[in-house]
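Asks: So that we are looking at the same thing, I have put the structure below in structure tokens.
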Amino acid sequence: MKKAIIIGAGIAGIALSIRLKRKGYDVEVFESNSFPGGKLSSFNLGPYRFDAGPSLLTMPHFIDELFSLFNEDPKSYFSYKKKDISCKYFWEDGTKLTAYSEKEKFANEVEKKLGVKSKKLLKYLKKAEKKYDLTKTIFLEKSLNKLSTFLTMDTLKSILSLHLFQIGKPLNDVNEEELGEPHLVQLFNRFATYNGSSPYKTPGMMTLIQHLEQEYGTFVARNGMVDIANSLFKLAKKKGVTFNFNNNVTKIILSNNKAVGVEINKKKYYSDIVISNMDVVPTYNKLLNGQPSPKKILNQERSSSAIIFYWGVKKEFKNLDLHNILFSDNYKEEFDSIFEKKEIHNDPTIYINITSKEISGDAPLNCENWFVMINAPNNSGQDWEYITNELRKNVINKINRVLKTDIKQYIEKEKIYTPINLENNTQSYLGSLYGSSSNNKMSAFLRHPNFSNDILNLYFCGGSVHPGGGIPLCLLSAKIVSNLIK
Ligand SMILES: Cc1cc2nc3c(=O)[nH]c(=O)nc-3n(C[C@H](O)[C@H](O)[C@H](O)COP(=O)(O)OP(=O)(O)OC[C@H]3O[C@@H](n4cnc5c(N)ncnc54)[C@H](O)[C@@H]3O)c2cc1C
């Protein structure tokens with residue numbers, strides 16, 4: 001039986017372990033943490049439970065697919081339900097908007113609250129759908145670095161429709177031209193942050209991101225986001241994958257330009273193939289030290305990071321839902337601060353995720369578990385303690401202004417997470433959330449491929465390589481790698 005070693009039990013590493021097991025490989029995973037899931041983890045603060053990282057569940061069919069590979073019923077492992085409301089939006093000028101999953105209902109709400117004809121929005125959404133349909137097989141489901149990807153009818157169709165992609169203009173310009181109304185432009189600009197980019201830089205092509213949310217919907221994991229990792233881990237173990245926790249891989253062993261295993265504390269483990277689910281930059285810098293590296297790709301700008309305040313709040317806020325956004329009054333300056341000045345703007349956009357709205361056990365009665373996230377620059381040695389203290393004051397003031405409350409008196413538990421914590425806990429380069437950013441219009445082609453061009457039998461999966469960050473794309477990276485391995 002051929003043997004595969006996977007470095008890291010992030011969501012892509014676990015998904016790939018399942019796929020390779022299905023292919024008949026003996027699979028061994030080495031993980032430096034004491035638990036599976038990487039960025040997908042959870043913790044408790046007294047009676048409050050929190051998901052530490054991802055909060056938005058989209059495209060859960062990619063998760064189900066992994067259970068189906070073994071003819072297992074996905075629902076008996078991982079249970080979720082669709083949300084009617086995808087997000088509640090709030091602005092400083094008092095404007096409020098509920099984004100409904102159902103397209104027509106959302107368009108009617110936009111017409112009623114923002115005065116934009118529903119026909120205009122539906123036309124914009126249709127265009128985004130077209131972009132997604134034309135690109136998904138090339139950009140998301142296959143390796144961009146294999147000639148065969150480009151020799152298909154799908155590719156030909158896409159090339160003939162290149163004008164539809166709006167690659168030459170930033171997302172903000174496309175949204176201003178096609179939607180016009182400032183609140184609506186800001187709302188649709190926000191989708192650039194789904195891969196840690198700026199709407200003033202990322203190409204107009206990215207309108208396709210919101211299509212995924214609008215078309216496929218948003219979901220709630222009944223046992224929290226961490227259950228994605230836990231349930232897939234359970235399946236992998238049941239099918240015979242071996243997991244070794246507290247094992248930090250220090251080297252990929254090479255022989256005649258082939259990956260033949262890994263080294264941990266001078267102990268060697270051999271295999272036929274090696275896959276790194278570790279961030280691709282430290283994979284080269286630490287595990288392949290001394291080998292030639294694809295410098296242009298590794299030097300691509302990294303995505304944004306985040307500061308998160310986890311608050312146990314002893315009050316219920318009836319006007320909030322699972323996902324809530326309190327927008328900055330100056331979005332352009334906020335993104336300039338993050339990507340140019342490497343700072344956090346003093347009027348930041350605030351995302352509040354409250355899982356206790358859906359999972360009653362996540363907070364005591366009449367209380368809520370607030371996950372308050374602010375987009376931040378990645379780590380370039382800033383004084384995070386000072387930044388976090390200033391930010392906390394600004395965040396509390398803004399929440400008080402917009403939600404007409406006095407939040408400080410209700411915070412009874414608190415934990416704070418900075419880009420440094422993210423970097424230390426998951427070895428993500430500079431603490432970025434999604435690998436490299438998509439601020440460059442060629443970014444899709446500048447992500448590291450899912451295999452090595454120089455070293456045989458070495459592959460890569462996860463958010464820092466093709467097709468990109470976020471749970472659905474990480475799961476697709478595992479699928480692409482599995483398809484590349486004969
Ligand atoms: C705060 C936050 C919010 C997010 N929000 C969302 C969201 O709402 N929706 C969404 O879809 N995505 C979201 N994301 C992104 C998503 O979490 C990631 O894209 C995804 O989880 C990355 O998975 P991965 O497979 O790349 O591995 P990672 O989660 O990066 O895990 C890599 C694993 O490899 C291990 N490792 C690293 N180096 C070594 C080594 N040398 N030896 C052994 N093990 C090693 C690490 O310990 C870690 O467990 C968010 C991320 C963060 C941090």
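Convention: chains lettered A, B, ... in structure tokens order; per-chain residue numbering from 1; ligands numbered from 1 as shown.
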Enumerate residues in contact with ligand 1: an atom-to-atom distance of at most 7 Å, counting only C-alpha atoms and all ligand atoms. Format the result as a ChimeraX atom specification.
Replies: /A:7-13,30-33,36-40,52-58,247-250,277-279,306,422,425-428,433-434,461-464,469-472,474
Asks: Write down as number ranges by chain the residues of range 210-242 of chain A whose backbone DSSP state falls under alpha helix (DSSP H).
Replies: A: 210-216, 226-238
Asks: What does the distance from CA of Tyr25 in chain A to CA of Met1 in chain A come to in Å, to one decimal?
Replies: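 Between CA of Tyr25 in chain A and CA of Met1 in chain A the gap is 6.3 Å.
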Asks: Using DSSP on the backbone coordinates, identify the residues of range 110-273 of chain A assigned to strand (DSSP E); present them as number ranges by chain.
Replies: A: 218-221, 242-244, 251-255, 258-264, 267-270, 273
Asks: Counting only C-alpha atoms, which of A:Lys398, A:Val27, A:Ile485, A:Gly312 gets nearest to Ile416 in chain A?
Replies: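 For Ile416 in chain A, the nearest of the given residues is A:Gly312.
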Asks: Find the residue from A:Asn189, A:Thr207, A:Asn369, A:Ser303 that sits nearest to Lys126 in chain A; use only C-alpha atoms when measuring.
Replies: A:Thr207
Asks: Near Ile420 in chain A, counting only C-alpha atoms, which residues have an atom at most 9 Å away, once you skip same-chain residues fewer than 5 positions from it, shown as a ChimeraX atom specification?
Replies: /A:378-379,384,425,430-431
Asks: Which of these residues is nearest to Pro182 in chain A, using only C-alpha atoms: A:Phe233, A:Phe371, A:Phe327, A:Tyr77?
Replies: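 Ranking A:Phe233, A:Phe371, A:Phe327, A:Tyr77 by distance to Pro182 in chain A, first place goes to A:Phe327.
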Asks: Thr349 in chain A: which residues within 12 Å, counting only C-alpha atoms, same-chain residues fewer than 5 positions away excluded, as number ranges by chain?
Replies: A: 89-92, 186-187, 190, 193, 306-307, 324-335, 338, 344, 372-376, 391, 394-395, 398-399, 402
Asks: Taking 3 positions as the minimum chain separation for residues in the same chain, which residues sit within 8 Å of Asp84 in chain A when counting only C-alpha atoms? Answer as an NGL selection string.
Replies: :A and (100-102)
Asks: Applying 8 Å and only C-alpha atoms, which residues near Ser17 in chain A remain after dropping the ones on its own chain fewer than 6 positions away? List them as a list in words.
Replies: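 Once the nearby chain positions are removed, what remains is Ile6, Val27, Glu28, Val29, Ala236 and Val241 of chain A.
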Asks: Include C-alpha atoms and write out the residues we just selected as a compact mmCIF listing (two decimals), in the first residue's frame.
Replies:
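As a result, out-v4.txt now contains:
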# COMPACT_ATOMS: atom_id res chain seq x y z
CA ILE A 6 0.18 15.17 5.44
CA VAL A 27 -2.41 8.13 5.42
CA GLU A 28 -0.56 9.63 8.37
CA VAL A 29 -1.12 13.24 9.51
CA ALA A 236 -11.07 10.24 8.87
CA VAL A 241 -6.25 7.75 8.97
Asks: Between A:Leu212, A:Gln382, A:Lys113, A:Gly196, which has the minimum distance to Glu181 in chain A (counting only C-alpha atoms)?
Replies: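 Closest candidate: A:Lys113.
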Asks: Which residues are near Lys295 in chain A? Cut-off 12 Å, only C-alpha atoms, ignore same chain within fewer than 6 positions. Put them as a list in words.
Replies: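 Within the cut-off, the hits are Val280, Val281, Tyr284, Asn285, Leu446, Arg447 and His448 of chain A.
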Asks: With only C-alpha atoms as the basis for distance, which of A:Arg49, A:Lys136, A:Lys23, A:Lys479 is at the shortest distance from Thr355 in chain A?
Replies: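 Using only C-alpha atoms, Thr355 in chain A sits closest to A:Arg49.
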Asks: With distances taken over only C-alpha atoms, which residue among A:Leu125, A:Ser231, A:Ile252, A:Gly261 lies nearest Lys286 in chain A?
Replies: A:Ile252
